[in-house]
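Novice: Supplied structure: entry.txt, compact mmCIF, N, CA and C atoms.
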```txt
# COMPACT_ATOMS: atom_id res chain seq x y z
N MET Z 1 91.95 91.16 95.71
CA MET Z 1 91.01 90.08 95.80
C MET Z 1 90.95 89.57 97.23
N SER Z 2 89.77 89.20 97.64
CA SER Z 2 89.63 88.62 98.98
C SER Z 2 90.07 87.16 98.96
N ALA Z 3 90.30 86.60 100.13
CA ALA Z 3 90.80 85.23 100.25
C ALA Z 3 89.85 84.21 99.65
N ASP Z 4 88.56 84.49 99.64
CA ASP Z 4 87.60 83.51 99.12
C ASP Z 4 87.26 83.70 97.64
N GLU Z 5 87.78 84.75 97.00
CA GLU Z 5 87.51 84.98 95.58
C GLU Z 5 88.39 84.07 94.72
N VAL Z 6 87.83 83.63 93.62
CA VAL Z 6 88.56 82.82 92.65
C VAL Z 6 89.04 83.74 91.53
N PRO Z 7 90.35 83.71 91.23
CA PRO Z 7 90.85 84.59 90.17
C PRO Z 7 90.31 84.19 88.80
N LYS Z 8 90.11 85.18 87.93
CA LYS Z 8 89.60 84.93 86.58
C LYS Z 8 90.67 84.37 85.65
N CYS Z 9 91.95 84.66 85.99
CA CYS Z 9 93.03 84.11 85.19
C CYS Z 9 94.26 83.96 86.09
N PRO Z 10 95.23 83.12 85.66
CA PRO Z 10 96.42 82.92 86.49
C PRO Z 10 97.15 84.23 86.73
N GLY Z 11 97.74 84.37 87.90
CA GLY Z 11 98.54 85.54 88.21
C GLY Z 11 97.80 86.70 88.82
N MET Z 12 96.49 86.59 88.97
CA MET Z 12 95.73 87.70 89.54
C MET Z 12 95.81 87.73 91.06
N LYS Z 13 96.09 86.61 91.68
CA LYS Z 13 96.01 86.55 93.13
C LYS Z 13 97.27 85.99 93.78
N TYR Z 14 97.87 85.02 93.15
CA TYR Z 14 98.89 84.24 93.82
C TYR Z 14 100.31 84.72 93.52
N LYS Z 15 101.22 84.25 94.36
CA LYS Z 15 102.63 84.56 94.17
C LYS Z 15 103.14 83.84 92.92
N HIS Z 16 103.81 84.58 92.07
CA HIS Z 16 104.53 83.99 90.96
C HIS Z 16 105.58 84.96 90.46
N TYR Z 17 106.25 84.64 89.38
CA TYR Z 17 107.40 85.40 88.89
C TYR Z 17 108.49 85.46 89.95
N ALA Z 18 108.61 84.43 90.77
CA ALA Z 18 109.45 84.53 91.96
C ALA Z 18 110.67 83.63 91.90
N PRO Z 19 111.80 84.13 92.39
CA PRO Z 19 112.96 83.25 92.59
C PRO Z 19 112.73 82.41 93.84
N LYS Z 20 113.64 81.52 94.13
CA LYS Z 20 113.52 80.66 95.32
C LYS Z 20 113.68 81.46 96.61
N SER Z 21 114.41 82.56 96.53
CA SER Z 21 114.64 83.39 97.72
C SER Z 21 113.38 84.16 98.11
N GLU Z 22 113.40 84.67 99.32
CA GLU Z 22 112.32 85.55 99.77
C GLU Z 22 112.54 86.92 99.14
N VAL Z 23 111.54 87.44 98.47
CA VAL Z 23 111.62 88.77 97.86
C VAL Z 23 110.72 89.69 98.69
N ILE Z 24 111.26 90.86 99.01
CA ILE Z 24 110.50 91.86 99.74
C ILE Z 24 110.58 93.16 98.94
N LEU Z 25 109.43 93.67 98.56
CA LEU Z 25 109.37 94.92 97.81
C LEU Z 25 109.50 96.08 98.79
N VAL Z 26 110.37 97.03 98.48
CA VAL Z 26 110.62 98.15 99.37
C VAL Z 26 110.28 99.45 98.66
N LYS Z 27 109.33 100.19 99.24
CA LYS Z 27 108.94 101.50 98.71
C LYS Z 27 109.65 102.57 99.53
N GLY Z 28 110.08 103.61 98.85
CA GLY Z 28 110.70 104.73 99.56
C GLY Z 28 111.62 105.52 98.66
N LYS Z 29 112.04 106.65 99.16
CA LYS Z 29 112.97 107.51 98.44
C LYS Z 29 114.34 106.84 98.39
N GLN Z 30 115.18 107.30 97.48
CA GLN Z 30 116.49 106.68 97.28
C GLN Z 30 117.29 106.59 98.58
N GLU Z 31 117.42 107.69 99.29
CA GLU Z 31 118.23 107.70 100.51
C GLU Z 31 117.70 106.71 101.55
N GLU Z 32 116.39 106.66 101.70
CA GLU Z 32 115.77 105.72 102.65
C GLU Z 32 116.07 104.28 102.25
N PHE Z 33 115.92 103.97 100.95
CA PHE Z 33 116.17 102.63 100.45
C PHE Z 33 117.64 102.25 100.67
N ILE Z 34 118.55 103.14 100.31
CA ILE Z 34 119.99 102.87 100.45
C ILE Z 34 120.32 102.57 101.91
N ASN Z 35 119.87 103.41 102.82
CA ASN Z 35 120.15 103.18 104.25
C ASN Z 35 119.55 101.86 104.73
N PHE Z 36 118.34 101.58 104.29
CA PHE Z 36 117.66 100.35 104.68
C PHE Z 36 118.44 99.12 104.23
N VAL Z 37 118.77 99.04 102.94
CA VAL Z 37 119.44 97.84 102.45
C VAL Z 37 120.88 97.74 102.93
N ASN Z 38 121.59 98.86 103.02
CA ASN Z 38 122.97 98.79 103.50
C ASN Z 38 123.06 98.26 104.93
N SER Z 39 122.02 98.46 105.72
CA SER Z 39 122.02 97.96 107.09
C SER Z 39 121.64 96.47 107.17
N ARG Z 40 121.26 95.88 106.03
CA ARG Z 40 120.80 94.49 106.04
C ARG Z 40 121.60 93.55 105.14
N LEU Z 41 122.38 94.08 104.21
CA LEU Z 41 123.09 93.24 103.26
C LEU Z 41 124.15 92.40 103.94
N GLY Z 42 124.33 91.20 103.42
CA GLY Z 42 125.32 90.29 103.95
C GLY Z 42 125.23 88.99 103.18
N ASP Z 43 125.73 87.92 103.75
CA ASP Z 43 125.70 86.63 103.08
C ASP Z 43 124.27 86.25 102.73
N GLY Z 44 124.02 86.06 101.46
CA GLY Z 44 122.72 85.62 101.00
C GLY Z 44 121.66 86.69 100.93
N VAL Z 45 122.00 87.94 101.25
CA VAL Z 45 121.03 89.04 101.24
C VAL Z 45 121.46 90.03 100.15
N TYR Z 46 120.53 90.33 99.26
CA TYR Z 46 120.83 91.15 98.09
C TYR Z 46 119.84 92.29 97.93
N ALA Z 47 120.26 93.28 97.12
CA ALA Z 47 119.39 94.39 96.75
C ALA Z 47 119.16 94.35 95.25
N LEU Z 48 117.92 94.54 94.84
CA LEU Z 48 117.55 94.72 93.44
C LEU Z 48 117.12 96.18 93.33
N CYS Z 49 117.86 96.95 92.55
CA CYS Z 49 117.67 98.40 92.57
C CYS Z 49 117.81 99.00 91.19
N PHE Z 50 117.90 100.32 91.13
CA PHE Z 50 118.07 101.05 89.88
C PHE Z 50 119.54 101.35 89.65
N ASP Z 51 119.88 101.67 88.40
CA ASP Z 51 121.26 102.03 88.04
C ASP Z 51 121.80 103.13 88.96
N GLU Z 52 120.95 104.09 89.28
CA GLU Z 52 121.38 105.24 90.08
C GLU Z 52 121.73 104.86 91.51
N ASP Z 53 121.27 103.70 91.96
CA ASP Z 53 121.50 103.26 93.34
C ASP Z 53 122.79 102.46 93.52
N ILE Z 54 123.22 101.79 92.46
CA ILE Z 54 124.31 100.81 92.55
C ILE Z 54 125.54 101.35 93.27
N LYS Z 55 126.00 102.51 92.89
CA LYS Z 55 127.25 103.06 93.46
C LYS Z 55 127.09 103.41 94.95
N LEU Z 56 125.87 103.49 95.45
CA LEU Z 56 125.63 103.87 96.83
C LEU Z 56 125.38 102.68 97.76
N ILE Z 57 125.25 101.49 97.16
CA ILE Z 57 125.00 100.29 97.95
C ILE Z 57 126.32 99.57 98.17
N ASP Z 58 126.54 99.16 99.42
CA ASP Z 58 127.83 98.61 99.82
C ASP Z 58 128.25 97.36 99.06
N LYS Z 59 127.32 96.44 98.82
CA LYS Z 59 127.65 95.17 98.14
C LYS Z 59 126.36 94.46 97.78
N ASN Z 60 126.49 93.36 97.04
CA ASN Z 60 125.37 92.47 96.73
C ASN Z 60 124.18 93.19 96.09
N ALA Z 61 124.45 94.06 95.14
CA ALA Z 61 123.37 94.81 94.49
C ALA Z 61 123.37 94.57 92.99
N PHE Z 62 122.17 94.45 92.43
CA PHE Z 62 121.99 94.30 91.00
C PHE Z 62 120.92 95.27 90.55
N SER Z 63 121.14 95.84 89.37
CA SER Z 63 120.20 96.82 88.83
C SER Z 63 119.28 96.17 87.81
N TYR Z 64 118.04 96.63 87.80
CA TYR Z 64 117.12 96.21 86.76
C TYR Z 64 116.76 97.38 85.85
N GLY Z 65 117.61 98.40 85.81
CA GLY Z 65 117.45 99.52 84.88
C GLY Z 65 117.46 100.87 85.56
N LYS Z 66 117.32 101.89 84.76
CA LYS Z 66 117.25 103.26 85.27
C LYS Z 66 115.87 103.49 85.90
N SER Z 67 115.82 104.37 86.86
CA SER Z 67 114.59 104.58 87.63
C SER Z 67 113.41 105.06 86.79
N HIS Z 68 113.66 105.76 85.70
CA HIS Z 68 112.57 106.28 84.88
C HIS Z 68 112.44 105.56 83.53
N ASN Z 69 113.18 104.46 83.36
CA ASN Z 69 113.12 103.72 82.11
C ASN Z 69 112.35 102.42 82.33
N PHE Z 70 111.05 102.50 82.28
CA PHE Z 70 110.19 101.36 82.60
C PHE Z 70 110.34 100.22 81.60
N GLU Z 71 110.57 100.55 80.34
CA GLU Z 71 110.74 99.50 79.33
C GLU Z 71 112.00 98.68 79.63
N GLU Z 72 113.07 99.35 80.01
CA GLU Z 72 114.30 98.66 80.38
C GLU Z 72 114.06 97.77 81.60
N GLN Z 73 113.35 98.29 82.59
CA GLN Z 73 113.04 97.52 83.79
C GLN Z 73 112.26 96.25 83.43
N ALA Z 74 111.26 96.41 82.55
CA ALA Z 74 110.43 95.28 82.14
C ALA Z 74 111.26 94.21 81.44
N LYS Z 75 112.24 94.64 80.65
CA LYS Z 75 113.09 93.70 79.93
C LYS Z 75 114.04 92.95 80.86
N LYS Z 76 114.51 93.60 81.92
CA LYS Z 76 115.54 93.03 82.78
C LYS Z 76 115.02 92.28 84.01
N ILE Z 77 113.78 92.50 84.39
CA ILE Z 77 113.30 92.03 85.69
C ILE Z 77 113.41 90.51 85.84
N PHE Z 78 113.01 89.75 84.83
CA PHE Z 78 113.02 88.30 84.97
C PHE Z 78 114.44 87.75 85.04
N SER Z 79 115.35 88.28 84.22
CA SER Z 79 116.73 87.78 84.26
C SER Z 79 117.37 88.11 85.61
N CYS Z 80 117.03 89.25 86.18
CA CYS Z 80 117.55 89.60 87.51
C CYS Z 80 117.02 88.64 88.57
N LEU Z 81 115.74 88.34 88.51
CA LEU Z 81 115.17 87.43 89.50
C LEU Z 81 115.78 86.04 89.38
N ARG Z 82 116.04 85.59 88.15
CA ARG Z 82 116.68 84.29 87.95
C ARG Z 82 118.12 84.29 88.45
N LYS Z 83 118.79 85.43 88.34
CA LYS Z 83 120.18 85.55 88.81
C LYS Z 83 120.26 85.25 90.31
N PHE Z 84 119.26 85.65 91.05
CA PHE Z 84 119.27 85.40 92.49
C PHE Z 84 119.20 83.91 92.80
N ASP Z 85 118.56 83.13 91.95
CA ASP Z 85 118.57 81.67 92.12
C ASP Z 85 119.98 81.14 91.93
N ASP Z 86 120.68 81.64 90.90
CA ASP Z 86 122.06 81.20 90.64
C ASP Z 86 122.98 81.51 91.81
N LEU Z 87 122.68 82.59 92.53
CA LEU Z 87 123.50 83.03 93.67
C LEU Z 87 123.06 82.39 94.99
N ASN Z 88 122.01 81.58 94.95
CA ASN Z 88 121.44 80.99 96.17
C ASN Z 88 121.07 82.06 97.19
N ALA Z 89 120.51 83.14 96.70
CA ALA Z 89 120.09 84.24 97.58
C ALA Z 89 119.03 83.75 98.56
N LYS Z 90 119.09 84.29 99.77
CA LYS Z 90 118.08 83.98 100.78
C LYS Z 90 117.00 85.05 100.81
N ILE Z 91 117.43 86.31 100.76
CA ILE Z 91 116.51 87.45 100.80
C ILE Z 91 116.92 88.45 99.73
N VAL Z 92 115.93 89.00 99.04
CA VAL Z 92 116.16 90.05 98.05
C VAL Z 92 115.25 91.22 98.40
N TYR Z 93 115.85 92.38 98.67
CA TYR Z 93 115.09 93.62 98.89
C TYR Z 93 115.03 94.33 97.54
N ALA Z 94 113.85 94.44 96.97
CA ALA Z 94 113.67 95.02 95.64
C ALA Z 94 113.09 96.42 95.75
N ARG Z 95 113.77 97.37 95.16
CA ARG Z 95 113.28 98.75 95.16
C ARG Z 95 112.08 98.85 94.24
N ALA Z 96 110.99 99.38 94.73
CA ALA Z 96 109.75 99.49 93.97
C ALA Z 96 109.86 100.55 92.88
N PRO Z 97 109.42 100.21 91.67
CA PRO Z 97 109.38 101.21 90.61
C PRO Z 97 108.15 102.11 90.77
N MET Z 98 108.12 103.18 89.99
CA MET Z 98 106.93 104.04 89.97
C MET Z 98 105.76 103.24 89.43
N GLN Z 99 104.58 103.57 89.87
CA GLN Z 99 103.39 102.82 89.49
C GLN Z 99 102.56 103.55 88.45
N ASN Z 100 103.19 103.88 87.33
CA ASN Z 100 102.46 104.48 86.23
C ASN Z 100 103.00 103.92 84.91
N GLY Z 101 102.14 103.85 83.91
CA GLY Z 101 102.53 103.32 82.62
C GLY Z 101 103.07 101.91 82.73
N VAL Z 102 104.14 101.63 82.01
CA VAL Z 102 104.78 100.32 82.05
C VAL Z 102 105.35 100.05 83.44
N GLY Z 103 105.66 101.10 84.19
CA GLY Z 103 106.14 100.94 85.57
C GLY Z 103 105.15 100.19 86.43
N LEU Z 104 103.86 100.36 86.17
CA LEU Z 104 102.83 99.64 86.91
C LEU Z 104 102.91 98.14 86.62
N ALA Z 105 103.20 97.78 85.39
CA ALA Z 105 103.35 96.36 85.03
C ALA Z 105 104.58 95.77 85.73
N VAL Z 106 105.67 96.51 85.79
CA VAL Z 106 106.88 96.05 86.48
C VAL Z 106 106.58 95.91 87.98
N TYR Z 107 105.91 96.89 88.54
CA TYR Z 107 105.51 96.82 89.95
C TYR Z 107 104.67 95.57 90.20
N ASN Z 108 103.74 95.30 89.30
CA ASN Z 108 102.87 94.13 89.43
C ASN Z 108 103.69 92.84 89.44
N ARG Z 109 104.67 92.73 88.58
CA ARG Z 109 105.52 91.55 88.55
C ARG Z 109 106.30 91.41 89.85
N LEU Z 110 106.84 92.52 90.33
CA LEU Z 110 107.64 92.47 91.56
C LEU Z 110 106.79 92.15 92.79
N ILE Z 111 105.61 92.74 92.88
CA ILE Z 111 104.79 92.49 94.07
C ILE Z 111 104.33 91.04 94.11
N ARG Z 112 104.13 90.44 92.96
CA ARG Z 112 103.78 89.02 92.92
C ARG Z 112 104.98 88.15 93.24
N ALA Z 113 106.16 88.54 92.77
CA ALA Z 113 107.38 87.80 93.13
C ALA Z 113 107.61 87.86 94.63
N ALA Z 114 107.18 88.96 95.24
CA ALA Z 114 107.34 89.14 96.68
C ALA Z 114 106.19 88.51 97.47
N GLY Z 115 105.24 87.91 96.79
CA GLY Z 115 104.10 87.35 97.51
C GLY Z 115 103.36 88.42 98.29
N PHE Z 116 103.36 89.64 97.75
CA PHE Z 116 102.68 90.81 98.32
C PHE Z 116 103.31 91.31 99.62
N LYS Z 117 104.58 90.94 99.89
CA LYS Z 117 105.30 91.47 101.06
C LYS Z 117 105.92 92.80 100.67
N VAL Z 118 105.48 93.86 101.34
CA VAL Z 118 105.95 95.21 101.02
C VAL Z 118 106.34 95.93 102.30
N ILE Z 119 107.48 96.61 102.24
CA ILE Z 119 107.89 97.52 103.32
C ILE Z 119 107.81 98.92 102.74
N ASP Z 120 107.00 99.77 103.34
CA ASP Z 120 106.85 101.15 102.90
C ASP Z 120 107.64 102.03 103.86
N LEU Z 121 108.83 102.43 103.45
CA LEU Z 121 109.71 103.23 104.31
C LEU Z 121 109.11 104.59 104.62
N ASP Z 122 108.34 105.17 103.70
CA ASP Z 122 107.70 106.46 103.96
C ASP Z 122 106.72 106.35 105.11
N LYS Z 123 105.91 105.31 105.13
CA LYS Z 123 104.94 105.13 106.21
C LYS Z 123 105.64 104.80 107.52
N ASN Z 124 106.69 103.98 107.45
CA ASN Z 124 107.42 103.59 108.67
C ASN Z 124 108.11 104.79 109.32
N ASN Z 125 108.55 105.76 108.49
CA ASN Z 125 109.22 106.95 109.03
C ASN Z 125 108.26 107.97 109.62
N LYS Z 126 106.98 107.85 109.31
CA LYS Z 126 105.99 108.81 109.82
C LYS Z 126 105.44 108.40 111.17
N LYS Z 127 105.78 107.20 111.62
CA LYS Z 127 105.26 106.72 112.90
C LYS Z 127 106.01 107.30 114.06
```
Translate the structure of the given file into structure tokens.
Specialist:
Amino acid sequence: MSADEVPKCPGMKYKHYAPKSEVILVKGKQEEFINFVNSRLGDGVYALCFDEDIKLIDKNAFSYGKSHNFEEQAKKIFSCLRKFDDLNAKIVYARAPMQNGVGLAVYNRLIRAAGFKVIDLDKNNKK
């Protein structure tokens, strides 16, 4: 939607589903995501990722499900985002799910929680 368009219903344009912390959606392959977040994690900085990523992230990581289990991701996403409020997180780097089927709905929730802030590691590596 353009800046001057009025949304037909809530949630079509504006940031919502968001914790108090800054959420940044990160697109990229597993290795790229792991390297990216491991170089940034610290006090108040967390990763929201898949089960398969947890063992590879140094600290401050929470999973919202398996990478190909979109229903599980959809069930866990809100409780994970609320958990970051309990932790007084400052920044959350969220690994982007696939954008098909229910995964698209999860992606939609995350991109709105992030206020449409996205880092695309694939594009950044091609420069």
Novice: When DSSP works through the backbone of this structure, what residues of range 50-116 of chain Z end up as helix (DSSP H, G or I), shown as number ranges by chain?
Specialist: Z: 51-54, 70-86, 102-113
Novice: Contacts of range 89-91 of chain Z at 7 Å or less, counting all atoms listed in the file, minus same-chain residues fewer than 6 places along, as a list of chain:residue names?
Specialist: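 Selected residues are Z:Lys20, Z:Ser21, Z:Glu22, Z:Val23, Z:Ile24, Z:Asp43, Z:Gly44, Z:Val45, Z:Tyr46, Z:Ala47, Z:Lys83.
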Novice: One decimal, Å: what's the distance from CA of Ala61 in chain Z over to CA of Gln99 in chain Z, could you say?
Specialist: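 Result for CA of Ala61 in chain Z versus CA of Gln99 in chain Z: 22.1 Å, one decimal.
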Novice: May I have the protein, DNA and RNA residues with any atom at most 6.5 Å from the point (116.7, 95.2, 88.4), counting all atoms listed in the file, written as a list of chain:residue names?
Specialist: Z:Leu48, Z:Cys49, Z:Phe50, Z:Phe62, Z:Ser63, Z:Tyr64, Z:Gly65, Z:Gln73, Z:Lys76, Z:Ile77, Z:Cys80
Novice: Go ahead and save the residues from that selection, with N, CA and C atoms, as a PDB file, in the coordinates of the input.
Specialist:
```pdb
ATOM      1  N   LEU Z  48     117.920  94.540  94.840  1.00  0.00           N
ATOM      2  CA  LEU Z  48     117.550  94.720  93.440  1.00  0.00           C
ATOM      3  C   LEU Z  48     117.120  96.180  93.330  1.00  0.00           C
ATOM      4  N   CYS Z  49     117.860  96.950  92.550  1.00  0.00           N
ATOM      5  CA  CYS Z  49     117.670  98.400  92.570  1.00  0.00           C
ATOM      6  C   CYS Z  49     117.810  99.000  91.190  1.00  0.00           C
ATOM      7  N   PHE Z  50     117.900 100.320  91.130  1.00  0.00           N
ATOM      8  CA  PHE Z  50     118.070 101.050  89.880  1.00  0.00           C
ATOM      9  C   PHE Z  50     119.540 101.350  89.650  1.00  0.00           C
ATOM     10  N   PHE Z  62     122.170  94.450  92.430  1.00  0.00           N
ATOM     11  CA  PHE Z  62     121.990  94.300  91.000  1.00  0.00           C
ATOM     12  C   PHE Z  62     120.920  95.270  90.550  1.00  0.00           C
ATOM     13  N   SER Z  63     121.140  95.840  89.370  1.00  0.00           N
ATOM     14  CA  SER Z  63     120.200  96.820  88.830  1.00  0.00           C
ATOM     15  C   SER Z  63     119.280  96.170  87.810  1.00  0.00           C
ATOM     16  N   TYR Z  64     118.040  96.630  87.800  1.00  0.00           N
ATOM     17  CA  TYR Z  64     117.120  96.210  86.760  1.00  0.00           C
ATOM     18  C   TYR Z  64     116.760  97.380  85.850  1.00  0.00           C
ATOM     19  N   GLY Z  65     117.610  98.400  85.810  1.00  0.00           N
ATOM     20  CA  GLY Z  65     117.450  99.520  84.880  1.00  0.00           C
ATOM     21  C   GLY Z  65     117.460 100.870  85.560  1.00  0.00           C
ATOM     22  N   GLN Z  73     113.350  98.290  82.590  1.00  0.00           N
ATOM     23  CA  GLN Z  73     113.040  97.520  83.790  1.00  0.00           C
ATOM     24  C   GLN Z  73     112.260  96.250  83.430  1.00  0.00           C
ATOM     25  N   LYS Z  76     114.510  93.600  81.920  1.00  0.00           N
ATOM     26  CA  LYS Z  76     115.540  93.030  82.780  1.00  0.00           C
ATOM     27  C   LYS Z  76     115.020  92.280  84.010  1.00  0.00           C
ATOM     28  N   ILE Z  77     113.780  92.500  84.390  1.00  0.00           N
ATOM     29  CA  ILE Z  77     113.300  92.030  85.690  1.00  0.00           C
ATOM     30  C   ILE Z  77     113.410  90.510  85.840  1.00  0.00           C
ATOM     31  N   CYS Z  80     117.030  89.250  86.180  1.00  0.00           N
ATOM     32  CA  CYS Z  80     117.550  89.600  87.510  1.00  0.00           C
ATOM     33  C   CYS Z  80     117.020  88.640  88.570  1.00  0.00           C
TER      34      CYS Z  80
END
```
Novice: Show me the residues around (125.4, 99.7, 104.1) - criterion: an atom at most 6 Å away, only C-alpha atoms counted - as a ChimeraX atom specification.
Specialist: /Z:38-39,58
Novice: Find the distance between CA of Arg112 in chain Z and CA of Glu31 in chain Z and write it in Å to one decimal.
Specialist: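 Taking CA of Arg112 in chain Z and CA of Glu31 in chain Z, their separation equals 24.8 Å.
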Novice: I need the residue nearest Asp120 in chain Z from this list: Z:Ala74, Z:Val26, Z:Met98, Z:Val37. Use only C-alpha atoms for the distance.
Specialist: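 Of Z:Ala74, Z:Val26, Z:Met98, Z:Val37, the one nearest Asp120 in chain Z is Z:Val26, counting only C-alpha atoms.
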Novice: Determine which residues of range 77-120 of chain Z DSSP labels as strand (DSSP E or B) from the backbone of this structure, then write them out as an MDAnalysis selection string.
Specialist: chainID Z and resid 91:95 118:120
Novice: Of the candidates Z:Asp122, Z:Asp51, Z:Asp85, Z:Glu32, which one gets nearest to Pro19 in chain Z if we count all atoms listed in the file?
Specialist: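 Of all the options, Z:Asp85 lies closest to Pro19 in chain Z.
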Novice: Report, in Å with one decimal, the straight-line distance from CA of Phe116 in chain Z to atom C of Glu72 in chain Z.
Specialist: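 Interatomic distance, CA of Phe116 in chain Z to atom C of Glu72 in chain Z: 21.4 Å.
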